[in-house]
file coords-v8.cif (mmCIF, N, CA and C atoms and all ligand atoms)
data_structure
#
loop_
_atom_site.label_atom_id
_atom_site.label_comp_id
_atom_site.auth_asym_id
_atom_site.auth_seq_id
_atom_site.Cartn_x
_atom_site.Cartn_y
_atom_site.Cartn_z
N MET P 79 195.62 77.93 90.93
CA MET P 79 194.45 78.38 90.16
C MET P 79 194.57 79.88 89.90
N ALA P 80 194.33 80.32 88.67
CA ALA P 80 194.42 81.74 88.33
C ALA P 80 193.29 82.51 88.99
N SER P 81 193.59 83.74 89.47
CA SER P 81 192.55 84.53 90.13
C SER P 81 191.63 85.14 89.08
N GLN P 82 190.43 85.46 89.53
CA GLN P 82 189.43 86.06 88.65
C GLN P 82 189.89 87.46 88.25
N PRO P 83 189.86 87.83 86.94
CA PRO P 83 190.25 89.18 86.55
C PRO P 83 189.29 90.21 87.15
N ARG P 84 189.87 91.36 87.61
CA ARG P 84 189.04 92.39 88.24
C ARG P 84 188.77 93.54 87.30
N GLY P 85 189.52 93.62 86.20
CA GLY P 85 189.33 94.74 85.28
C GLY P 85 189.66 94.35 83.86
N LYS P 86 189.30 95.28 82.99
CA LYS P 86 189.59 95.08 81.57
C LYS P 86 189.80 96.48 80.99
N VAL P 87 190.75 96.61 80.10
CA VAL P 87 191.00 97.92 79.51
C VAL P 87 190.97 97.79 77.99
N VAL P 88 190.36 98.78 77.35
CA VAL P 88 190.29 98.80 75.88
C VAL P 88 190.96 100.09 75.42
N ILE P 89 191.88 99.97 74.50
CA ILE P 89 192.60 101.14 73.98
C ILE P 89 192.26 101.32 72.51
N ASP P 90 191.86 102.52 72.16
CA ASP P 90 191.53 102.83 70.77
C ASP P 90 192.80 103.28 70.05
N PRO P 91 193.33 102.47 69.14
CA PRO P 91 194.59 102.84 68.46
C PRO P 91 194.46 104.09 67.60
N ASP P 92 193.23 104.46 67.25
CA ASP P 92 193.03 105.68 66.45
C ASP P 92 193.07 106.94 67.31
N GLU P 93 192.98 106.78 68.62
CA GLU P 93 193.07 107.93 69.53
C GLU P 93 194.42 107.98 70.24
N CYS P 94 195.05 106.84 70.38
CA CYS P 94 196.34 106.76 71.10
C CYS P 94 197.46 107.42 70.31
N LYS P 95 198.27 108.20 71.00
CA LYS P 95 199.40 108.87 70.34
C LYS P 95 200.75 108.24 70.69
N GLY P 96 200.69 107.10 71.39
CA GLY P 96 201.90 106.33 71.64
C GLY P 96 202.88 106.96 72.60
N CYS P 97 202.39 107.79 73.53
CA CYS P 97 203.32 108.47 74.46
C CYS P 97 203.90 107.52 75.50
N GLY P 98 203.19 106.43 75.79
CA GLY P 98 203.71 105.44 76.74
C GLY P 98 203.44 105.75 78.21
N LEU P 99 202.73 106.83 78.51
CA LEU P 99 202.48 107.17 79.91
C LEU P 99 201.66 106.08 80.61
N CYS P 100 200.68 105.53 79.89
CA CYS P 100 199.85 104.48 80.51
C CYS P 100 200.68 103.24 80.80
N VAL P 101 201.59 102.92 79.91
CA VAL P 101 202.45 101.75 80.10
C VAL P 101 203.28 101.92 81.37
N GLU P 102 203.82 103.11 81.57
CA GLU P 102 204.64 103.39 82.76
C GLU P 102 203.80 103.42 84.02
N SER P 103 202.53 103.79 83.91
CA SER P 103 201.71 103.98 85.11
C SER P 103 201.05 102.69 85.61
N CYS P 104 201.01 101.68 84.80
CA CYS P 104 200.23 100.48 85.15
C CYS P 104 200.95 99.64 86.20
N PRO P 105 200.38 99.53 87.41
CA PRO P 105 201.05 98.77 88.49
C PRO P 105 201.35 97.31 88.14
N PRO P 106 200.40 96.56 87.56
CA PRO P 106 200.74 95.16 87.25
C PRO P 106 201.46 94.98 85.90
N GLU P 107 201.80 96.09 85.27
CA GLU P 107 202.56 96.07 84.00
C GLU P 107 201.85 95.22 82.94
N CYS P 108 200.57 95.52 82.75
CA CYS P 108 199.83 94.74 81.76
C CYS P 108 199.55 95.53 80.48
N LEU P 109 200.23 96.67 80.31
CA LEU P 109 200.12 97.42 79.06
C LEU P 109 201.50 97.45 78.39
N VAL P 110 201.49 97.41 77.06
CA VAL P 110 202.74 97.48 76.29
C VAL P 110 202.51 98.41 75.10
N LEU P 111 203.58 98.84 74.48
CA LEU P 111 203.46 99.55 73.21
C LEU P 111 203.58 98.50 72.10
N ALA P 112 202.62 98.51 71.19
CA ALA P 112 202.59 97.51 70.12
C ALA P 112 203.79 97.68 69.20
N PRO P 113 204.33 96.59 68.68
CA PRO P 113 205.48 96.70 67.78
C PRO P 113 205.14 97.35 66.44
N GLU P 114 203.89 97.20 66.00
CA GLU P 114 203.52 97.78 64.71
C GLU P 114 203.09 99.24 64.87
N LEU P 115 203.10 99.96 63.77
CA LEU P 115 202.73 101.37 63.77
C LEU P 115 201.25 101.54 63.48
N SER P 116 200.65 102.54 64.10
CA SER P 116 199.26 102.88 63.79
C SER P 116 199.25 103.72 62.52
N LYS P 117 198.07 104.12 62.08
CA LYS P 117 197.99 104.93 60.86
C LYS P 117 198.59 106.32 61.07
N TYR P 118 198.84 106.68 62.34
CA TYR P 118 199.50 107.97 62.64
C TYR P 118 201.02 107.83 62.74
N GLY P 119 201.51 106.60 62.53
CA GLY P 119 202.94 106.39 62.56
C GLY P 119 203.53 106.32 63.96
N VAL P 120 202.70 105.91 64.94
CA VAL P 120 203.20 105.73 66.32
C VAL P 120 202.92 104.30 66.75
N HIS P 121 203.60 103.87 67.81
CA HIS P 121 203.35 102.56 68.40
C HIS P 121 202.25 102.72 69.45
N PRO P 122 201.04 102.28 69.16
CA PRO P 122 199.95 102.49 70.13
C PRO P 122 200.06 101.53 71.31
N ALA P 123 199.49 101.96 72.44
CA ALA P 123 199.46 101.09 73.62
C ALA P 123 198.51 99.93 73.36
N ARG P 124 198.79 98.83 74.05
CA ARG P 124 197.97 97.63 73.89
C ARG P 124 197.89 96.90 75.23
N TYR P 125 196.71 96.36 75.51
CA TYR P 125 196.51 95.55 76.71
C TYR P 125 197.00 94.14 76.43
N THR P 126 197.77 93.59 77.34
CA THR P 126 198.29 92.23 77.15
C THR P 126 197.19 91.18 77.28
N GLY P 127 196.06 91.60 77.88
CA GLY P 127 194.93 90.67 78.00
C GLY P 127 194.81 89.99 79.34
N GLN P 128 195.73 90.28 80.27
CA GLN P 128 195.58 89.69 81.61
C GLN P 128 196.18 90.60 82.68
N ASP P 129 195.66 90.40 83.89
CA ASP P 129 196.14 91.05 85.12
C ASP P 129 195.63 92.46 85.37
N CYS P 130 194.78 93.01 84.51
CA CYS P 130 194.23 94.34 84.78
C CYS P 130 193.37 94.27 86.05
N THR P 131 193.59 95.23 86.94
CA THR P 131 192.82 95.27 88.19
C THR P 131 191.68 96.28 88.13
N GLY P 132 191.63 97.06 87.04
CA GLY P 132 190.61 98.10 86.93
C GLY P 132 190.92 99.31 87.78
N CYS P 133 192.18 99.52 88.13
CA CYS P 133 192.54 100.62 89.05
C CYS P 133 192.33 102.00 88.43
N GLY P 134 192.42 102.10 87.11
CA GLY P 134 192.17 103.36 86.43
C GLY P 134 193.38 104.28 86.29
N ALA P 135 194.55 103.86 86.77
CA ALA P 135 195.74 104.72 86.69
C ALA P 135 196.06 105.10 85.24
N CYS P 136 195.93 104.17 84.33
CA CYS P 136 196.23 104.45 82.92
C CYS P 136 195.26 105.48 82.37
N PHE P 137 194.00 105.37 82.74
CA PHE P 137 192.98 106.30 82.26
C PHE P 137 193.30 107.72 82.72
N TYR P 138 193.67 107.87 83.99
CA TYR P 138 193.89 109.21 84.54
C TYR P 138 195.17 109.85 84.02
N CYS P 139 196.13 109.08 83.60
CA CYS P 139 197.37 109.69 83.12
C CYS P 139 197.39 109.89 81.61
N CYS P 140 196.41 109.35 80.91
CA CYS P 140 196.40 109.47 79.44
C CYS P 140 195.99 110.88 79.01
N PRO P 141 196.78 111.54 78.18
CA PRO P 141 196.44 112.89 77.73
C PRO P 141 195.42 112.92 76.60
N GLU P 142 195.08 111.76 76.06
CA GLU P 142 194.15 111.72 74.92
C GLU P 142 192.77 111.27 75.36
N PRO P 143 191.80 112.19 75.39
CA PRO P 143 190.44 111.79 75.79
C PRO P 143 189.90 110.72 74.84
N GLY P 144 189.36 109.68 75.39
CA GLY P 144 188.75 108.63 74.57
C GLY P 144 189.70 107.54 74.13
N ALA P 145 190.99 107.66 74.46
CA ALA P 145 191.93 106.61 74.03
C ALA P 145 191.80 105.36 74.88
N ILE P 146 191.50 105.54 76.18
CA ILE P 146 191.45 104.40 77.10
C ILE P 146 190.08 104.32 77.75
N THR P 147 189.54 103.12 77.78
CA THR P 147 188.32 102.85 78.54
C THR P 147 188.63 101.71 79.50
N VAL P 148 188.34 101.95 80.77
CA VAL P 148 188.59 100.93 81.80
C VAL P 148 187.25 100.37 82.28
N TYR P 149 187.18 99.07 82.35
CA TYR P 149 185.98 98.41 82.87
C TYR P 149 186.35 97.72 84.18
N ARG P 150 185.53 97.91 85.19
CA ARG P 150 185.69 97.14 86.43
C ARG P 150 184.73 95.97 86.35
N LEU P 151 185.26 94.77 86.42
CA LEU P 151 184.43 93.58 86.27
C LEU P 151 183.77 93.23 87.59
N LYS P 152 182.53 92.78 87.49
CA LYS P 152 181.77 92.40 88.67
C LYS P 152 182.33 91.12 89.25
N PRO P 153 182.60 91.08 90.55
CA PRO P 153 183.07 89.82 91.13
C PRO P 153 181.96 88.77 91.09
N PRO P 154 182.33 87.48 91.02
CA PRO P 154 181.30 86.44 91.01
C PRO P 154 180.54 86.43 92.32
N ALA P 155 179.28 86.06 92.27
CA ALA P 155 178.45 86.01 93.48
C ALA P 155 179.02 84.99 94.45
N LYS P 156 179.03 85.37 95.74
CA LYS P 156 179.58 84.46 96.76
C LYS P 156 178.48 83.56 97.29
N ILE P 157 178.87 82.33 97.60
CA ILE P 157 177.92 81.40 98.22
C ILE P 157 177.94 81.68 99.72
N VAL P 158 176.78 81.89 100.30
CA VAL P 158 176.70 82.19 101.73
C VAL P 158 176.50 80.88 102.49
N PRO P 159 177.53 80.43 103.24
CA PRO P 159 177.43 79.13 103.91
C PRO P 159 176.31 79.07 104.93
N THR P 160 175.96 80.19 105.58
CA THR P 160 174.92 80.16 106.61
C THR P 160 173.58 79.76 106.01
N ALA P 161 173.32 80.19 104.78
CA ALA P 161 172.05 79.85 104.14
C ALA P 161 171.96 78.34 103.94
N VAL P 162 173.09 77.73 103.59
CA VAL P 162 173.12 76.28 103.39
C VAL P 162 172.86 75.59 104.72
N THR P 163 173.50 76.11 105.80
CA THR P 163 173.34 75.52 107.13
C THR P 163 171.89 75.62 107.59
N GLN P 164 171.30 76.82 107.37
CA GLN P 164 169.91 77.00 107.80
C GLN P 164 169.00 76.03 107.06
N ASN P 165 169.22 75.89 105.76
CA ASN P 165 168.40 74.97 104.98
C ASN P 165 168.56 73.54 105.48
N ALA P 166 169.81 73.19 105.82
CA ALA P 166 170.08 71.84 106.31
C ALA P 166 169.35 71.60 107.63
N GLU P 167 169.34 72.64 108.51
CA GLU P 167 168.64 72.51 109.80
C GLU P 167 167.14 72.33 109.58
N VAL P 168 166.60 73.12 108.64
CA VAL P 168 165.17 73.00 108.35
C VAL P 168 164.87 71.60 107.84
N ALA P 169 165.75 71.08 106.98
CA ALA P 169 165.53 69.75 106.43
C ALA P 169 165.57 68.71 107.54
N ASN P 170 166.51 68.87 108.53
CA ASN P 170 166.59 67.93 109.63
C ASN P 170 165.33 67.99 110.50
N GLU P 171 164.86 69.21 110.75
CA GLU P 171 163.65 69.37 111.57
C GLU P 171 162.46 68.69 110.91
N ALA P 172 162.38 68.84 109.59
CA ALA P 172 161.26 68.26 108.87
C ALA P 172 161.29 66.73 108.93
N ALA P 173 162.52 66.18 109.03
CA ALA P 173 162.66 64.74 109.04
C ALA P 173 162.32 64.14 110.40
N LEU P 174 162.35 64.99 111.50
CA LEU P 174 162.09 64.47 112.85
C LEU P 174 160.61 64.17 113.11
S1 LIG Z 1 198.75 107.32 77.69
FE1 LIG Z 1 197.11 107.41 76.13
S2 LIG Z 1 198.09 108.34 74.32
FE2 LIG Z 1 199.75 107.67 75.69
S3 LIG Z 1 200.27 105.56 74.98
FE3 LIG Z 1 198.72 105.35 76.59
S4 LIG Z 1 196.72 105.27 75.51
FE4 LIG Z 1 198.25 106.10 74.09
S1 LIG Z 2 193.24 99.94 84.88
FE1 LIG Z 2 195.11 99.80 86.17
S2 LIG Z 2 195.72 97.65 86.02
FE2 LIG Z 2 194.26 98.03 84.33
S3 LIG Z 2 195.55 98.52 82.57
FE3 LIG Z 2 194.99 100.49 83.57
S4 LIG Z 2 196.69 100.93 85.02
FE4 LIG Z 2 196.84 98.77 84.41
#
call {"tool": "encode", "arguments": {"input": "coords-v8.cif", "output": "C-alpha cells", "more": "lines below"}}
Ligand code: SF4
Ligand code: SF4
result
Amino acid sequence: MASQPRGKVVIDPDECKGCGLCVESCPPECLVLAPELSKYGVHPARYTGQDCTGCGACFYCCPEPGAITVYRLKPPAKIVPTAVTQNAEVANEAAL
C-alpha cells in the first residue's frame, strides 16, 4: 500500500530560472527539470507529483524568491483504540 504523501511542492515557471539547485537538493529526488522551455528560454523545475516529504530543502536552496512553495500536508486523524475499548466496556456494563 502506498504511504500517505507528507508534502506538496508548487513551482512557478515564471519565477524559476532553471538553475537546477532544487533538483539536486531534493532527498527523495521528486523534482526534475522540464524538457520544454519556459518563456525565459530555460528548463524550469517541475514536481513529479509524488514522494514530496515537505522537508523544505528545495525552498531554502532556491535563489529565486517566490519560485517554490512547499506545503506540509496534515496527517490523517488517528483512531484511538482506547476510546473504542472504553466504549465497549460501557456497552457491556449497560447490558449487565
Ligand atoms: S532552485 Fe529555484 S530557480 Fe533553480 S531550478 Fe529550482 S525553482 Fe528554479
Ligand atoms: S520539500 Fe523536500 S521532498 Fe519536497 S520537493 Fe522540496 S526538497 Fe523535495
call {"tool": "residues_near_ligand", "arguments": {"input": "coords-v8.cif", "ligand": "ligand LIG 2 (chain Z)", "cutoff": "8 Å", "atoms": "only N, CA and C atoms and all ligand atoms", "output": "ChimeraX atom specification"}}
result
/P:84-88,100-109,124-126,128-138,147-150
call {"tool": "residues_near_ligand", "arguments": {"input": "coords-v8.cif", "ligand": "ligand LIG 1 (chain Z)", "cutoff": "8 Å", "atoms": "only N, CA and C atoms and all ligand atoms", "output": "NGL selection string"}}
result
:P and (88-91 or 93-102 or 110-111 or 121-124 or 136-147)
call {"tool": "select_by_dssp", "arguments": {"input": "coords-v8.cif", "residues": "chain P", "states": "alpha helix (DSSP H)", "output": "MDAnalysis selection string"}}
result
chainID P and resid 99:103 135:139 159:173
call {"tool": "select_by_dssp", "arguments": {"input": "coords-v8.cif", "residues": "chain P", "states": "strand (DSSP E)", "output": "list in words"}}
result
Gly85, Lys86, Val87, Val88, Ile89, Leu109, Val110, Leu111, Ala123, Arg124, Tyr125, Ile146, Thr147, Val148, Tyr149 and Arg150 of chain P
call {"tool": "closest_residue", "arguments": {"input": "coords-v8.cif", "among": "P:Gln82, P:Ala155, P:Asp92, P:Gly127", "to": "Leu115 of chain P", "atoms": "only C-alpha atoms"}}
result
P:Asp92
call {"tool": "atom_distance", "arguments": {"input": "coords-v8.cif", "atom1": "atom N of Ala112 of chain P", "atom2": "atom N of Leu151 of chain P"}}
result
23.4 Å
call {"tool": "atom_distance", "arguments": {"input": "coords-v8.cif", "atom1": "atom CA of Pro113 of chain P", "atom2": "atom C of Pro83 of chain P"}}
result
26.1 Å
